[in-house]
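Following: one structure in structure tokens, then a few remarks.
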Amino acid sequence: MPSQKNVLLLDDDSMLRASLAEQLSAEGAYAVIEAATCAEARARAAETLYEFMILDVGLPDGDGRALARALREDGVTCPIIMLTAADSEPDEVAGLECGANDYVTKPFRFAVLMARAHAHLRSHGQSEEAVYRIGPYTFRPSAKMLLDARDKKIRLTEKETNILKFLYRSGDTVPRERLLHEVWGYNPSVTTHTLETHIYRLRQKIEPNPGEARILVTDAGGYRLVP
């Protein structure tokens, strides 16, 4: 089963929030963490890493744009999409300057919201700022590094980084041949034994017990990451 990615959803309209949460969950790829206030969202943001965030502008205890700025200052790098009411006149320049990636005006089609989210996710995934959660580790692909709960650094090779990055983005079991071709390209001199060697070395770095993998597991003729 694909590992779900966390999404922070902030809106004080309980009906809209519930509807969006249901539609996001129905996609199967996302675990939705809901919040109704800026304070609640700030607390949720400190608890885990998120694939992306959806933040309402008008909230009972503040402005979503100010929250976005605070989250960026706290080190949040994932895409942030702001929701704004149709009868308001949002200052989109101010919103984008505070760290938001996009604005969506209510009412909107869910498909449009997700198309924009996916576009920003693709761009973010190729950026130097992308940060992911893999098991107990914070994964920073641009630095070729994992950080454990005590911020101890685990250095990765370029191939190890690319293996983890592709498995994370796939969110499901990736067959050996496909992973081999994605990381090494279609090179006839590279065999699955090369991939297996790199998987073995990765497990030595990230698994508490490499002989009984719990994070980078073998499954149905391939490999997958366990959240």
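Labels used: A, B, ... for chains in the order of the structure tokens, numbers from 1 for residues in each chain, and numbers from 1 for ligands as shown.
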Set the distance at 7 Å and use only C-alpha atoms: which residues neighbour Leu49 of chain A once local chain neighbours fewer than 2 positions away are removed? I'd like the list as number ranges by chain.
A: 51, 132-133
Would you return as an NGL selection string the members of segment 25-220 of chain A that DSSP assigns to strand (DSSP E or B) on this structure's backbone?
:A and (30-35 or 52-56 or 58-59 or 62-63 or 80-84 or 102-105 or 132-134 or 137-140 or 145-147 or 153-155 or 174-175 or 216-219)
Using only C-alpha atoms: which of A:His193, A:Arg155, A:Arg109, A:Glu47 has the shortest distance to Ser19 of chain A
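Between A:His193, A:Arg155, A:Arg109, A:Glu47, the residue approaching Ser19 of chain A most closely is A:Arg109.
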Of the candidates A:Phe52, A:Leu59, A:Gly221, A:Pro141, which one gets nearest to Asp102 of chain A if we count only C-alpha atoms?
A:Phe52
Backbone DSSP call of helix (DSSP H, G or I) for segment 61-162 of chain A, listed as number ranges by chain:
A: 64-73, 92-97, 110-125, 141-143, 158-162
Pull C-alpha atoms from the residues just selected and write them as a PDB file, in the first residue's frame.
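The resulting file, out.pdb, is reproduced below:
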```pdb
ATOM      1  CA  GLY A  64      -3.247  33.068   6.959  1.00  0.00           C
ATOM      2  CA  ARG A  65      -0.618  35.137   5.160  1.00  0.00           C
ATOM      3  CA  ALA A  66       1.024  36.089   8.452  1.00  0.00           C
ATOM      4  CA  LEU A  67       0.926  32.417   9.405  1.00  0.00           C
ATOM      5  CA  ALA A  68       2.596  31.462   6.124  1.00  0.00           C
ATOM      6  CA  ARG A  69       5.378  33.951   6.828  1.00  0.00           C
ATOM      7  CA  ALA A  70       5.850  32.555  10.334  1.00  0.00           C
ATOM      8  CA  LEU A  71       5.947  28.991   9.020  1.00  0.00           C
ATOM      9  CA  ARG A  72       8.607  29.913   6.461  1.00  0.00           C
ATOM     10  CA  GLU A  73      10.644  31.539   9.229  1.00  0.00           C
ATOM     11  CA  GLU A  92      -1.744  38.528  -3.757  1.00  0.00           C
ATOM     12  CA  VAL A  93       1.611  40.285  -3.903  1.00  0.00           C
ATOM     13  CA  ALA A  94       1.709  40.444  -0.101  1.00  0.00           C
ATOM     14  CA  GLY A  95       0.642  36.810   0.057  1.00  0.00           C
ATOM     15  CA  LEU A  96       3.323  35.610  -2.317  1.00  0.00           C
ATOM     16  CA  GLU A  97       5.943  37.731  -0.583  1.00  0.00           C
ATOM     17  CA  PHE A 110     -11.379  20.446  -6.215  1.00  0.00           C
ATOM     18  CA  ALA A 111      -9.708  19.306  -9.445  1.00  0.00           C
ATOM     19  CA  VAL A 112      -8.355  22.823  -9.999  1.00  0.00           C
ATOM     20  CA  LEU A 113      -6.987  23.016  -6.449  1.00  0.00           C
ATOM     21  CA  MET A 114      -5.223  19.670  -6.840  1.00  0.00           C
ATOM     22  CA  ALA A 115      -3.866  20.530 -10.292  1.00  0.00           C
ATOM     23  CA  ARG A 116      -2.216  23.600  -8.798  1.00  0.00           C
ATOM     24  CA  ALA A 117      -0.957  21.643  -5.799  1.00  0.00           C
ATOM     25  CA  HIS A 118       0.568  18.959  -8.021  1.00  0.00           C
ATOM     26  CA  ALA A 119       2.229  21.577 -10.219  1.00  0.00           C
ATOM     27  CA  HIS A 120       3.893  23.151  -7.180  1.00  0.00           C
ATOM     28  CA  LEU A 121       4.849  19.717  -5.831  1.00  0.00           C
ATOM     29  CA  ARG A 122       6.630  18.879  -9.085  1.00  0.00           C
ATOM     30  CA  SER A 123       8.543  22.141  -8.945  1.00  0.00           C
ATOM     31  CA  HIS A 124       9.324  21.775  -5.243  1.00  0.00           C
ATOM     32  CA  GLY A 125      10.542  18.219  -5.716  1.00  0.00           C
ATOM     33  CA  PRO A 141      18.128  15.311  -0.893  1.00  0.00           C
ATOM     34  CA  SER A 142      20.015  18.464  -1.883  1.00  0.00           C
ATOM     35  CA  ALA A 143      22.486  17.879   0.965  1.00  0.00           C
ATOM     36  CA  GLU A 158      24.432  10.339  -4.917  1.00  0.00           C
ATOM     37  CA  LYS A 159      22.981   6.942  -5.867  1.00  0.00           C
ATOM     38  CA  GLU A 160      21.681   6.324  -2.351  1.00  0.00           C
ATOM     39  CA  THR A 161      20.061   9.753  -2.402  1.00  0.00           C
ATOM     40  CA  ASN A 162      18.422   9.071  -5.758  1.00  0.00           C
TER      41      ASN A 162
END
```
Using only C-alpha atoms, determine which residues lie at most 6 Å from segment 32-36 of chain A, disregarding the query and same-chain residues fewer than 6 positions distant; provide the list as a list of chain:residue names.
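The filter keeps A:Asn6, A:Val7, A:Leu8, A:Leu9, A:Leu10, A:Asp11, A:Asp12.
Among A:Leu24, A:Leu83, A:Ile199, A:Val131, the residue with the shortest atom-to-atom distance to Phe108 of chain A, counting only C-alpha atoms, is A:Leu83.
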Atomic separation - atom CA of Ala43 of chain A relative to atom CA of Gly62 of chain A, Å:
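Separation between atom CA of Gly62 of chain A and atom CA of Ala43 of chain A: 14.5 Å.
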Please list as a compact mmCIF listing (two decimals) with C-alpha atoms, in the first residue's frame every residue within 9 Å of Ile215 of chain A, counting only C-alpha atoms and excluding residues in the same chain fewer than 6 positions away.
```txt
# COMPACT_ATOMS: atom_id res chain seq x y z
CA ILE A 134 11.41 8.88 5.95
CA GLY A 135 10.70 6.76 9.01
CA PRO A 136 12.47 8.45 11.96
CA ARG A 203 20.14 -0.48 5.12
CA ILE A 206 19.37 3.60 8.21
CA GLU A 207 18.04 0.35 9.68
CA ARG A 224 9.36 0.42 -0.92
CA LEU A 225 9.71 2.84 1.96
CA VAL A 226 7.63 2.38 5.10
CA PRO A 227 6.47 5.70 6.61
```
To one decimal place in Å, what is the distance between atom CA of Val76 of chain A and atom CA of Arg140 of chain A?
12.8 Å
